[in-house]
$ cat protein-v9.txt   # compact mmCIF, C-alpha atoms (C1' of nucleotides)
# COMPACT_ATOMS: atom_id res chain seq x y z
CA MET O 1 0.00 0.00 0.00
CA TYR O 2 2.85 2.30 0.77
CA PRO O 3 6.11 2.06 -1.13
CA GLU O 4 8.99 0.84 0.96
CA SER O 5 10.61 4.20 0.64
CA MET O 6 7.85 5.74 2.68
CA ASP O 7 7.94 3.30 5.48
CA LEU O 8 10.32 4.95 7.84
CA ALA O 9 10.29 8.40 9.30
CA THR O 10 7.98 9.76 6.69
CA PRO O 11 6.02 12.65 8.14
CA GLY O 12 3.10 12.37 5.79
CA ARG O 13 2.86 8.63 6.07
CA PRO O 14 -0.63 7.52 6.98
CA LYS O 15 -0.80 6.07 10.45
CA ARG O 16 -1.92 2.61 11.14
CA THR O 17 -2.85 2.91 14.74
CA ALA O 18 -6.24 1.34 14.18
CA PHE O 19 -4.67 -1.68 12.51
CA LEU O 20 -2.13 -1.96 15.26
CA LEU O 21 -5.01 -2.00 17.68
CA SER O 22 -6.62 -4.87 15.77
CA GLN O 23 -3.41 -6.80 15.67
CA LEU O 24 -2.59 -6.36 19.31
CA GLY O 25 -6.13 -7.20 20.29
CA ALA O 26 -5.85 -10.38 18.31
CA VAL O 27 -2.58 -11.24 19.99
CA ALA O 28 -4.10 -10.63 23.39
CA SER O 29 -7.13 -12.79 22.59
CA SER O 30 -4.97 -15.53 21.24
CA ARG O 31 -2.70 -15.62 24.25
CA PHE O 32 -5.65 -15.61 26.61
CA ALA O 33 -7.08 -18.56 24.71
CA ASP O 34 -3.76 -20.35 25.14
CA ARG O 35 -3.98 -19.88 28.86
CA THR O 36 -7.56 -21.00 29.26
CA ARG O 37 -6.87 -23.97 27.03
CA GLU O 38 -4.37 -25.16 29.57
CA ILE O 39 -7.15 -25.67 32.08
CA GLY O 40 -9.45 -27.13 29.46
CA LEU O 41 -11.58 -24.09 28.81
CA THR O 42 -12.36 -22.04 25.76
CA PRO O 43 -12.54 -18.28 26.15
CA SER O 44 -16.31 -18.63 25.86
CA ASP O 45 -16.35 -21.08 28.74
CA ALA O 46 -14.32 -18.64 30.76
CA GLY O 47 -16.74 -15.84 30.00
CA VAL O 48 -19.69 -17.92 31.15
CA ILE O 49 -18.00 -18.99 34.35
CA ARG O 50 -16.98 -15.48 35.14
CA LEU O 51 -20.48 -14.22 34.56
CA LEU O 52 -22.09 -16.93 36.64
CA GLY O 53 -19.66 -16.22 39.44
CA ARG O 54 -20.79 -12.68 39.56
CA ALA O 55 -24.47 -13.24 38.81
CA PRO O 56 -25.49 -16.65 40.14
CA GLY O 57 -28.95 -17.91 39.29
CA LEU O 58 -28.99 -16.31 35.88
CA SER O 59 -31.27 -17.91 33.30
CA GLN O 60 -29.93 -19.05 29.97
CA ARG O 61 -31.87 -16.38 28.19
CA ARG O 62 -30.41 -13.60 30.29
CA LEU O 63 -26.98 -15.13 30.03
CA ALA O 64 -27.36 -15.12 26.27
CA ASP O 65 -28.28 -11.45 26.37
CA ARG O 66 -25.27 -10.57 28.47
CA LEU O 67 -22.93 -12.53 26.30
CA GLY O 68 -24.39 -11.18 23.12
CA ALA O 69 -24.93 -14.78 22.07
CA VAL O 70 -27.92 -16.59 20.66
CA PRO O 71 -29.88 -18.90 23.02
CA SER O 72 -29.04 -22.05 21.12
CA ARG O 73 -25.40 -21.27 21.50
CA VAL O 74 -25.79 -20.99 25.25
CA VAL O 75 -27.37 -24.42 25.35
CA SER O 76 -24.30 -26.14 24.04
CA LEU O 77 -22.03 -23.99 26.15
CA ILE O 78 -23.90 -24.90 29.33
CA ASP O 79 -24.26 -28.52 28.24
CA SER O 80 -20.54 -28.79 28.00
CA LEU O 81 -19.85 -27.05 31.29
CA GLN O 82 -22.48 -29.15 33.02
CA GLU O 83 -20.97 -32.37 31.67
CA ARG O 84 -17.70 -31.31 33.17
CA GLY O 85 -19.42 -30.65 36.48
CA LEU O 86 -18.65 -26.95 36.57
CA VAL O 87 -22.16 -25.58 36.21
CA GLU O 88 -25.55 -26.88 37.27
CA ARG O 89 -29.04 -26.20 35.99
CA VAL O 90 -31.69 -25.77 38.64
CA ARG O 91 -35.28 -25.49 37.55
CA SER O 92 -36.72 -22.25 38.78
CA SER O 93 -39.48 -22.91 41.29
CA THR O 94 -41.31 -19.76 40.32
CA ASP O 95 -41.15 -20.25 36.57
CA ARG O 96 -40.54 -23.75 35.47
CA ARG O 97 -39.74 -22.71 31.95
CA ASN O 98 -36.31 -21.52 32.82
CA TYR O 99 -33.28 -22.64 34.74
CA GLU O 100 -31.24 -20.95 37.38
CA LEU O 101 -27.62 -21.48 36.51
CA HIS O 102 -25.07 -21.91 39.26
CA LEU O 103 -21.42 -22.74 39.54
CA THR O 104 -20.70 -25.98 41.33
CA ASP O 105 -17.91 -26.10 43.88
CA ALA O 106 -15.64 -27.32 41.11
CA GLY O 107 -16.85 -24.42 39.03
CA LYS O 108 -15.95 -22.01 41.78
CA ARG O 109 -12.50 -23.48 42.00
CA VAL O 110 -12.09 -22.99 38.27
CA LEU O 111 -13.26 -19.43 38.67
CA ARG O 112 -10.46 -18.84 41.14
CA GLU O 113 -7.98 -20.32 38.69
CA LEU O 114 -9.38 -18.03 36.07
CA ARG O 115 -8.69 -15.02 38.23
CA GLY O 116 -5.06 -16.03 38.45
CA ILE O 117 -4.94 -16.56 34.74
CA ALA O 118 -6.40 -13.15 34.09
CA GLU O 119 -3.75 -11.56 36.24
CA GLN O 120 -0.95 -13.41 34.52
CA HIS O 121 -2.46 -12.53 31.18
CA GLU O 122 -2.63 -8.88 32.10
CA ALA O 123 0.97 -8.93 33.22
CA GLU O 124 2.18 -10.73 30.13
CA ILE O 125 0.42 -8.47 27.67
CA LEU O 126 1.50 -5.28 29.35
CA ALA O 127 5.01 -6.42 30.12
CA PRO O 128 6.64 -4.21 27.47
CA LEU O 129 5.34 -1.06 29.19
CA THR O 130 6.36 0.80 32.30
CA THR O 131 3.87 1.25 35.11
CA GLU O 132 3.09 4.79 34.08
CA GLN O 133 2.64 3.74 30.50
CA VAL O 134 0.23 1.04 31.56
CA THR O 135 -1.86 3.63 33.33
CA GLN O 136 -1.69 5.87 30.30
CA LEU O 137 -2.73 3.09 27.99
CA GLY O 138 -5.55 2.06 30.28
CA ASP O 139 -6.92 5.59 30.28
CA LEU O 140 -6.73 5.88 26.52
CA LEU O 141 -8.42 2.54 25.97
CA VAL O 142 -11.20 3.35 28.40
CA GLN O 143 -11.78 6.58 26.56
CA LEU O 144 -11.88 4.74 23.26
CA ALA O 145 -14.23 2.12 24.67
CA ASN O 146 -16.58 4.77 25.96
CA GLY O 147 -16.43 6.61 22.69
CA HIS O 148 -17.46 3.47 20.88
CA GLY O 149 -20.21 2.61 23.31
CA LEU O 150 -18.60 -0.62 24.35
CA ASP O 151 -20.53 -0.68 27.60
CA ARG O 152 -23.96 -0.83 26.06
CA GLU O 153 -22.81 -3.11 23.33
CA LEU O 154 -23.32 -6.07 25.62
CA HIS O 155 -26.98 -6.16 24.90
CA ARG O 156 -26.99 -6.12 21.17
CA ASP O 157 -25.82 -8.79 18.87
CA VAL O 158 -22.35 -8.15 17.69
CA GLY O 159 -21.87 -9.19 14.10
CA ARG O 160 -19.92 -12.41 14.14
CA GLU O 161 -16.80 -12.36 12.10
CA ARG O 162 -13.74 -14.33 12.28
CA GLY O 163 -13.13 -14.01 15.98
CA GLY O 164 -16.74 -14.46 16.89
CA ALA O 165 -16.15 -16.14 20.23
CA ALA O 166 -14.41 -13.05 21.36
CA ASP O 167 -17.62 -11.57 22.66
CA LEU O 168 -18.00 -14.33 25.13
CA THR O 169 -14.56 -13.57 26.35
CA ALA O 170 -15.95 -10.18 26.82
CA ASP O 171 -15.58 -8.82 30.19
CA PRO O 172 -18.94 -7.75 31.45
CA GLY O 173 -17.66 -5.46 34.12
CA PRO O 174 -20.39 -3.41 35.63
CA GLU O 175 -21.60 -3.59 32.09
CA PRO O 176 -19.02 -4.03 29.30
CA ALA O 177 -18.35 -6.24 26.28
CA ILE O 178 -17.83 -6.70 22.55
CA GLY O 179 -17.02 -9.05 19.65
CA PRO O 180 -14.03 -10.28 16.93
CA ARG O 181 -12.93 -11.65 15.12
CA MET G 1 -15.12 -12.46 38.46
CA TYR G 2 -15.16 -9.42 40.67
CA PRO G 3 -18.05 -8.79 43.00
CA GLU G 4 -20.17 -5.85 42.02
CA SER G 5 -19.05 -4.02 45.10
CA MET G 6 -15.54 -3.85 43.77
CA ASP G 7 -16.37 -2.49 40.41
CA LEU G 8 -16.05 1.19 40.95
CA ALA G 9 -13.25 3.24 42.36
CA THR G 10 -11.63 0.32 44.05
CA PRO G 11 -7.90 0.96 44.36
CA GLY G 12 -6.91 -2.67 44.52
CA ARG G 13 -9.21 -3.70 41.74
CA PRO G 14 -7.40 -5.76 39.14
CA LYS G 15 -7.07 -3.95 35.87
CA ARG G 16 -8.49 -5.25 32.71
CA THR G 17 -6.43 -3.36 30.26
CA ALA G 18 -5.50 -6.49 28.35
CA PHE G 19 -9.15 -7.42 27.95
CA LEU G 20 -10.00 -3.93 26.89
CA LEU G 21 -7.33 -4.26 24.28
CA SER G 22 -8.91 -7.47 22.99
CA GLN G 23 -12.31 -5.92 22.90
CA LEU G 24 -11.25 -2.78 21.14
CA GLY G 25 -9.19 -4.77 18.69
CA ALA G 26 -12.24 -6.83 17.89
CA VAL G 27 -14.33 -3.70 17.41
CA ALA G 28 -11.72 -2.27 15.10
CA SER G 29 -11.53 -5.49 13.07
CA SER G 30 -15.26 -5.71 12.86
CA ARG G 31 -15.70 -2.15 11.66
CA PHE G 32 -12.97 -2.58 9.11
CA ALA G 33 -14.73 -5.69 7.85
CA ASP G 34 -17.92 -3.66 7.52
CA ARG G 35 -16.13 -1.18 5.34
CA THR G 36 -14.44 -3.68 3.07
CA ARG G 37 -17.69 -5.59 2.76
CA GLU G 38 -19.19 -2.53 1.16
CA ILE G 39 -16.85 -2.91 -1.77
CA GLY G 40 -17.30 -6.67 -1.84
CA LEU G 41 -14.09 -7.64 -0.11
CA THR G 42 -13.30 -9.59 3.01
CA PRO G 43 -10.50 -8.33 5.24
CA SER G 44 -8.38 -11.18 3.87
CA ASP G 45 -9.01 -10.03 0.32
CA ALA G 46 -7.96 -6.56 1.35
CA GLY G 47 -4.76 -7.87 2.89
CA VAL G 48 -3.86 -9.73 -0.27
CA ILE G 49 -4.55 -6.78 -2.50
CA ARG G 50 -2.56 -4.50 -0.31
CA LEU G 51 0.37 -6.87 -0.29
CA LEU G 52 0.31 -7.40 -4.03
CA GLY G 53 0.19 -3.65 -4.52
CA ARG G 54 3.37 -3.29 -2.60
CA ALA G 55 5.08 -6.46 -3.78
CA PRO G 56 3.91 -7.29 -7.30
CA GLY G 57 5.00 -10.58 -8.78
CA LEU G 58 4.92 -12.40 -5.47
CA SER G 59 4.41 -16.15 -5.64
CA GLN G 60 1.59 -17.81 -3.76
CA ARG G 61 4.04 -19.49 -1.45
CA ARG G 62 5.69 -16.26 -0.47
CA LEU G 63 2.35 -14.57 -0.15
CA ALA G 64 1.28 -17.32 2.23
CA ASP G 65 4.39 -16.75 4.29
CA ARG G 66 3.80 -13.05 4.53
CA LEU G 67 0.17 -13.48 5.44
CA GLY G 68 0.90 -16.17 7.96
CA ALA G 69 -1.52 -18.36 6.03
CA VAL G 70 -1.28 -21.85 4.71
CA PRO G 71 -0.71 -22.33 0.94
CA SER G 72 -4.04 -24.02 0.35
CA ARG G 73 -5.77 -21.06 1.88
CA VAL G 74 -4.03 -18.74 -0.53
CA VAL G 75 -5.26 -20.79 -3.45
CA SER G 76 -8.90 -20.09 -2.70
CA LEU G 77 -8.17 -16.49 -1.87
CA ILE G 78 -6.48 -15.92 -5.20
CA ASP G 79 -9.07 -18.01 -7.05
CA SER G 80 -11.75 -15.72 -5.79
CA LEU G 81 -9.87 -12.52 -6.56
CA GLN G 82 -8.98 -13.79 -9.99
CA GLU G 83 -12.60 -14.64 -10.75
CA ARG G 84 -13.48 -11.09 -9.91
CA GLY G 85 -10.77 -9.84 -12.20
CA LEU G 86 -8.72 -8.14 -9.51
CA VAL G 87 -5.66 -10.35 -9.58
CA GLU G 88 -3.96 -12.34 -12.30
CA ARG G 89 -1.72 -15.36 -12.22
CA VAL G 90 1.21 -15.26 -14.57
CA ARG G 91 3.36 -18.34 -14.88
CA SER G 92 6.90 -17.52 -14.00
CA SER G 93 9.12 -17.91 -17.04
CA THR G 94 12.11 -18.78 -14.91
CA ASP G 95 10.38 -21.32 -12.70
CA ARG G 96 7.24 -22.79 -14.12
CA ARG G 97 6.21 -24.26 -10.81
CA ASN G 98 5.07 -20.99 -9.44
CA TYR G 99 3.01 -17.99 -10.44
CA GLU G 100 3.75 -14.34 -10.34
CA LEU G 101 0.75 -12.63 -8.89
CA HIS G 102 -0.23 -9.18 -10.11
CA LEU G 103 -3.05 -6.77 -9.60
CA THR G 104 -5.07 -6.07 -12.71
CA ASP G 105 -6.06 -2.49 -13.50
CA ALA G 106 -9.31 -3.17 -11.71
CA GLY G 107 -7.32 -4.50 -8.81
CA LYS G 108 -5.29 -1.33 -8.68
CA ARG G 109 -8.44 0.72 -8.63
CA VAL G 110 -9.67 -1.33 -5.71
CA LEU G 111 -6.37 -0.80 -3.98
CA ARG G 112 -6.90 2.93 -4.24
CA GLU G 113 -10.36 2.55 -2.77
CA LEU G 114 -8.84 0.53 0.00
CA ARG G 115 -6.48 3.33 0.86
CA GLY G 116 -9.41 5.65 1.32
CA ILE G 117 -11.17 3.07 3.43
CA ALA G 118 -8.15 2.64 5.62
CA GLU G 119 -8.02 6.35 6.25
CA GLN G 120 -11.68 6.56 7.11
CA HIS G 121 -11.28 3.56 9.34
CA GLU G 122 -8.38 5.11 11.16
CA ALA G 123 -10.35 8.31 11.66
CA GLU G 124 -13.44 6.49 12.88
CA ILE G 125 -11.65 4.31 15.38
CA LEU G 126 -9.59 7.11 16.83
CA ALA G 127 -12.36 9.68 16.80
CA PRO G 128 -12.82 9.64 20.59
CA LEU G 129 -9.25 10.83 21.14
CA THR G 130 -7.53 14.17 20.75
CA THR G 131 -4.64 14.52 18.37
CA GLU G 132 -2.08 14.29 21.14
CA GLN G 133 -3.79 11.26 22.57
CA VAL G 134 -3.69 9.56 19.20
CA THR G 135 0.04 10.11 19.08
CA GLN G 136 0.39 8.83 22.61
CA LEU G 137 -1.65 5.74 21.84
CA GLY G 138 0.28 5.10 18.68
CA ASP G 139 3.55 5.19 20.57
CA LEU G 140 2.29 2.86 23.26
CA LEU G 141 0.91 0.39 20.76
CA VAL G 142 4.11 0.37 18.76
CA GLN G 143 6.03 -0.35 21.92
CA LEU G 144 3.66 -3.17 22.77
CA ALA G 145 3.90 -4.57 19.27
CA ASN G 146 7.67 -4.52 19.40
CA GLY G 147 7.66 -6.10 22.81
CA HIS G 148 5.55 -8.94 21.50
CA GLY G 149 7.60 -9.40 18.38
CA LEU G 150 4.72 -8.53 16.10
CA ASP G 151 7.09 -7.70 13.29
CA ARG G 152 8.69 -11.08 13.06
CA GLU G 153 5.43 -12.81 13.70
CA LEU G 154 4.66 -12.54 10.06
CA HIS G 155 6.66 -15.58 9.28
CA ARG G 156 5.27 -17.99 11.76
CA ASP G 157 1.84 -19.45 11.79
CA VAL G 158 -0.40 -17.65 14.18
CA GLY G 159 -2.83 -19.98 15.91
CA ARG G 160 -6.17 -19.50 14.30
CA GLU G 161 -8.93 -18.76 16.74
CA ARG G 162 -12.20 -17.13 16.35
CA GLY G 163 -11.57 -14.21 14.11
CA GLY G 164 -8.88 -16.05 12.32
CA ALA G 165 -9.06 -13.94 9.21
CA ALA G 166 -7.75 -11.06 11.19
CA ASP G 167 -4.18 -11.95 10.38
CA LEU G 168 -4.70 -11.39 6.77
CA THR G 169 -5.97 -7.97 7.62
CA ALA G 170 -2.63 -7.64 9.17
CA ASP G 171 -0.64 -4.86 7.91
CA PRO G 172 2.64 -6.12 6.64
CA GLY G 173 4.43 -2.84 6.83
CA PRO G 174 8.11 -3.12 6.25
CA GLU G 175 7.53 -6.42 7.96
CA PRO G 176 4.49 -6.79 10.29
CA ALA G 177 1.42 -8.97 11.02
CA ILE G 178 -0.66 -11.17 13.39
CA GLY G 179 -3.93 -12.99 14.10
CA PRO G 180 -7.12 -13.21 17.01
CA ARG G 181 -11.33 -14.29 18.33
C1' DC M 1 -61.98 -19.47 32.36
C1' DT M 2 -60.09 -20.72 28.17
C1' DA M 3 -57.84 -19.77 23.71
C1' DA M 4 -54.07 -17.45 21.87
C1' DA M 5 -49.72 -15.22 22.30
C1' DA M 6 -45.33 -15.04 24.47
C1' DT M 7 -41.24 -17.02 26.60
C1' DA M 8 -37.34 -20.48 27.90
C1' DG M 9 -35.01 -24.01 26.38
C1' DT M 10 -33.78 -27.48 23.00
C1' DT M 11 -32.87 -29.86 18.63
C1' DC M 12 -31.41 -30.04 14.12
C1' DA M 13 -30.03 -29.03 9.55
C1' DC M 14 -26.99 -26.20 7.42
C1' DC M 15 -23.02 -22.80 6.52
C1' DT M 16 -18.65 -20.77 6.52
C1' DC M 17 -14.02 -21.02 7.22
C1' DT M 18 -9.83 -23.14 7.34
C1' DA M 19 -6.33 -26.71 8.31
C1' DG M 20 -3.87 -30.60 6.76
C1' DA M 21 -2.97 -34.72 3.89
C1' DA M 22 -2.46 -36.45 -0.50
C1' DT M 23 -1.51 -35.34 -5.60
C1' DT M 24 0.67 -33.36 -9.72
C1' DA M 25 4.07 -30.73 -12.07
C1' DT M 26 8.46 -28.82 -12.08
C1' DT M 27 13.10 -27.91 -10.56
C1' DC M 28 17.26 -28.80 -7.89
C1' DT M 29 21.00 -31.93 -5.97
C1' DG M 30 24.37 -35.30 -5.87
C1' DC F 1 19.78 -39.56 -14.19
C1' DA F 2 17.46 -40.74 -9.68
C1' DG F 3 15.67 -38.88 -5.79
C1' DA F 4 14.70 -34.98 -2.82
C1' DA F 5 12.59 -30.53 -2.59
C1' DT F 6 9.27 -27.00 -3.96
C1' DA F 7 4.77 -24.66 -5.84
C1' DA F 8 0.27 -25.16 -6.50
C1' DT F 9 -3.99 -27.60 -6.15
C1' DT F 10 -7.67 -30.74 -4.58
C1' DC F 11 -10.23 -32.83 -1.22
C1' DT F 12 -11.78 -34.41 3.27
C1' DA F 13 -12.73 -33.28 7.72
C1' DG F 14 -13.77 -30.56 11.74
C1' DA F 15 -14.69 -26.56 14.57
C1' DG F 16 -17.89 -23.20 15.61
C1' DG F 17 -21.87 -20.92 15.03
C1' DT F 18 -26.66 -19.43 13.14
C1' DG F 19 -31.56 -19.72 12.52
C1' DA F 20 -35.82 -22.28 11.99
C1' DA F 21 -38.89 -25.44 13.95
C1' DC F 22 -40.56 -27.86 18.20
C1' DT F 23 -41.90 -28.64 23.30
C1' DA F 24 -43.18 -27.09 27.72
C1' DT F 25 -44.80 -23.55 30.48
C1' DT F 26 -46.66 -19.09 31.64
C1' DT F 27 -49.06 -14.85 30.57
C1' DT F 28 -52.64 -12.15 28.33
C1' DA F 29 -57.06 -11.16 26.32
C1' DG F 30 -61.70 -11.60 25.48
$ encode --input "protein-v9.txt" --output "structure tokens"
Amino acid sequence: MYPESMDLATPGRPKRTAFLLSQLGAVASSRFADRTREIGLTPSDAGVIRLLGRAPGLSQRRLADRLGAVPSRVVSLIDSLQERGLVERVRSSTDRRNYELHLTDAGKRVLRELRGIAEQHEAEILAPLTTEQVTQLGDLLVQLANGHGLDRELHRDVGRERGGAADLTADPGPEPAIGPR
Amino acid sequence: MYPESMDLATPGRPKRTAFLLSQLGAVASSRFADRTREIGLTPSDAGVIRLLGRAPGLSQRRLADRLGAVPSRVVSLIDSLQERGLVERVRSSTDRRNYELHLTDAGKRVLRELRGIAEQHEAEILAPLTTEQVTQLGDLLVQLANGHGLDRELHRDVGRERGGAADLTADPGPEPAIGPR
DNA sequence: CTAAAATAGTTCACCTCTAGAATTATTCTG
DNA sequence: CAGAATAATTCTAGAGGTGAACTATTTTAG
């Protein structure tokens, strides 16, 4: 796209910050997936466990909303976690149509592992930066996220691309989330 | 993962900068895909066209290396672009095993469109930041990319996850690339 | 109070994308 | 020249996910 001659120290050279962001985001996702894989989880699994840890008793429908996933997708996700004894379905006594999803004790243990993994992940990804730079970057990214309405995004369906599962990785902080590829 | 009570203004609250990075990267990839889709291209198509614009005559094998893709993948990519008249295969006269890939005139026109798209994309993604902040972010991301060896990554196979195609979007500057969700 | 609409979950058929093995043609090496 | 290496291609398989149709249950309307 740009002749080699323009690649270095060219004032007028178009920036590629947005592409860099995509690339680094992909690296971060990929490395996180590596880590969760080591304990037998996909990033989607991790997202579900995290969410159920923070909002026990959620129904599949509501879980689907929070993850930005389709209900049928949640079925297989929960099926798999239930088979592994990490999550249990409890029929709601007030509305027998839906389930109340809970982490089992094993699930809670995995959740604790996941916290450790998240910390290591954070440290690994940000390793090239100084402490001040990390703060700086965090502030900039938060500003970007707000600017792009990442918080509210949780409730709408993010167009699945390559990277689709990324939304489930999504970190629903007080509210947040997104999607990939 | 973190109890609601910890979510706001908690000094010891673990940061999620790495996750934010993943999420924003996914947003950026997704929006870029939206833009290329409007001119009938996937992000992978765009990556190929960009690369052939800057390195005409490349063989499929070398293209695969630069994209971090597998040769068979490149076949279908080029097939599709050739069918649309954007790329042409020319048998190398010196080594009849391989092709020399070139953009057609139509392909070059598309490349020009792509440049415009990239600019708009850059502007859209970075819109929430001031000019100084954009510079700041750019510096931080470059440092991160260097720290994670993103430049050399081009030559090794990036584990395909969700969002796999992202690598092809990768911007092989003087050298770069990657893959994600 | 009952028929119809809505809701939660599930199943299933189908799609897209891509990796990886096997195959052919050509060139290089000893 | 024989055999190893290389470029491209084909084909099979598998992961991952969507959306439509179906069942059970609850809510709403007349």
$ interface_residues --input "protein-v9.txt" --of "chain O" --to "chain M" --cutoff "9 Å" --atoms "only C-alpha atoms (C1' of nucleotides)" --output "PyMOL selection string"
chain O and resi 59-61+71-72+75+96-99+162
$ interface_residues --input "protein-v9.txt" --of "chain F" --to "chain O" --cutoff "10 Å" --atoms "all atoms listed in the file" --output "VMD selection string"
chain F and resid 16 to 19 24 to 26
$ atom_distance --input "protein-v9.txt" --atom1 "CA of Glu124 in chain G" --atom2 "CA of Phe19 in chain G"
21.0 Å
$ axis_aligned_box --input "protein-v9.txt" --around "range 68-87 of chain O" --padding-each-side "3 Å" --output "AutoDock Vina command-line options"
--center_x -23.8 --center_y -21.8 --center_z 28.6 --size_x 18.2 --size_y 27.2 --size_z 21.9
$ closest_residue --input "protein-v9.txt" --among "G:Arg91, G:Gly149, G:Leu144, G:Thr130" --to "chain O" --atoms "only C-alpha atoms"
G:Leu144
$ residues_around --input "protein-v9.txt" --residues "Gly147 in chain O" --least-positions-apart "6" --cutoff "10 Å" --atoms "only C-alpha atoms (C1' of nucleotides)" --output "ChimeraX atom specification"
/O:141 /G:125-129
$ write_last_selection --input "protein-v9.txt" --atoms "C-alpha atoms" --output "mmCIF file, in the frame of the given file"
data_model
loop_
_atom_site.group_PDB
_atom_site.id
_atom_site.type_symbol
_atom_site.label_atom_id
_atom_site.label_comp_id
_atom_site.auth_asym_id
_atom_site.auth_seq_id
_atom_site.Cartn_x
_atom_site.Cartn_y
_atom_site.Cartn_z
ATOM 1 C CA LEU O 141 -8.420 2.540 25.970
ATOM 2 C CA ILE G 125 -11.650 4.310 15.380
ATOM 3 C CA LEU G 126 -9.590 7.110 16.830
ATOM 4 C CA ALA G 127 -12.360 9.680 16.800
ATOM 5 C CA PRO G 128 -12.820 9.640 20.590
ATOM 6 C CA LEU G 129 -9.250 10.830 21.140
#
$ atom_distance --input "protein-v9.txt" --atom1 "CA of Ile39 in chain G" --atom2 "CA of His121 in chain G"
14.0 Å
$ atom_distance --input "protein-v9.txt" --atom1 "CA of Leu52 in chain O" --atom2 "CA of Val87 in chain O"
8.7 Å
$ residues_around --input "protein-v9.txt" --residues "Ile78 in chain G" --least-positions-apart "2" --cutoff "9 Å" --atoms "all atoms listed in the file" --output "list in words"
Asp45, Val48, Gln60, Arg73, Val74, Val75, Ser76, Ser80, Leu81, Gln82, Glu83, Val87, Glu88, Arg89 and Leu101 of chain G
$ write_last_selection --input "protein-v9.txt" --atoms "C-alpha atoms" --output "short mmCIF file (atom, residue, chain, number, x, y, z; two decimals), keeping the file's coordinate frame"
data_model
loop_
_atom_site.label_atom_id
_atom_site.label_comp_id
_atom_site.auth_asym_id
_atom_site.auth_seq_id
_atom_site.Cartn_x
_atom_site.Cartn_y
_atom_site.Cartn_z
CA ASP G 45 -9.01 -10.03 0.32
CA VAL G 48 -3.86 -9.73 -0.27
CA GLN G 60 1.59 -17.81 -3.76
CA ARG G 73 -5.77 -21.06 1.88
CA VAL G 74 -4.03 -18.74 -0.53
CA VAL G 75 -5.26 -20.79 -3.45
CA SER G 76 -8.90 -20.09 -2.70
CA SER G 80 -11.75 -15.72 -5.79
CA LEU G 81 -9.87 -12.52 -6.56
CA GLN G 82 -8.98 -13.79 -9.99
CA GLU G 83 -12.60 -14.64 -10.75
CA VAL G 87 -5.66 -10.35 -9.58
CA GLU G 88 -3.96 -12.34 -12.30
CA ARG G 89 -1.72 -15.36 -12.22
CA LEU G 101 0.75 -12.63 -8.89
#
$ residues_around --input "protein-v9.txt" --residues "Thr104 in chain G" --least-positions-apart "2" --cutoff "7 Å" --atoms "only C-alpha atoms (C1' of nucleotides)" --output "mmCIF file with C-alpha atoms, in the frame of the given file"
data_model
loop_
_atom_site.group_PDB
_atom_site.id
_atom_site.type_symbol
_atom_site.label_atom_id
_atom_site.label_comp_id
_atom_site.auth_asym_id
_atom_site.auth_seq_id
_atom_site.Cartn_x
_atom_site.Cartn_y
_atom_site.Cartn_z
ATOM 1 C CA GLY G 85 -10.770 -9.840 -12.200
ATOM 2 C CA LEU G 86 -8.720 -8.140 -9.510
ATOM 3 C CA VAL G 87 -5.660 -10.350 -9.580
ATOM 4 C CA GLU G 88 -3.960 -12.340 -12.300
ATOM 5 C CA HIS G 102 -0.230 -9.180 -10.110
ATOM 6 C CA ALA G 106 -9.310 -3.170 -11.710
ATOM 7 C CA GLY G 107 -7.320 -4.500 -8.810
ATOM 8 C CA LYS G 108 -5.290 -1.330 -8.680
#
$ closest_residue --input "protein-v9.txt" --among "G:Arg54, G:Pro43, G:Ala64, G:Thr135" --to "chain O" --atoms "only C-alpha atoms"
G:Arg54
$ closest_residue --input "protein-v9.txt" --among "O:Leu51, O:Leu67, O:Leu103, O:Leu41" --to "chain G" --atoms "only C-alpha atoms"
O:Leu51
$ closest_residue --input "protein-v9.txt" --among "G:Arg62, G:Arg35, G:Lys15, G:Arg84" --to "chain O" --atoms "only C-alpha atoms"
G:Lys15
$ closest_residue --input "protein-v9.txt" --among "G:Gly68, G:Thr131, G:Arg109, G:Arg115" --to "chain O" --atoms "all atoms listed in the file"
G:Arg115
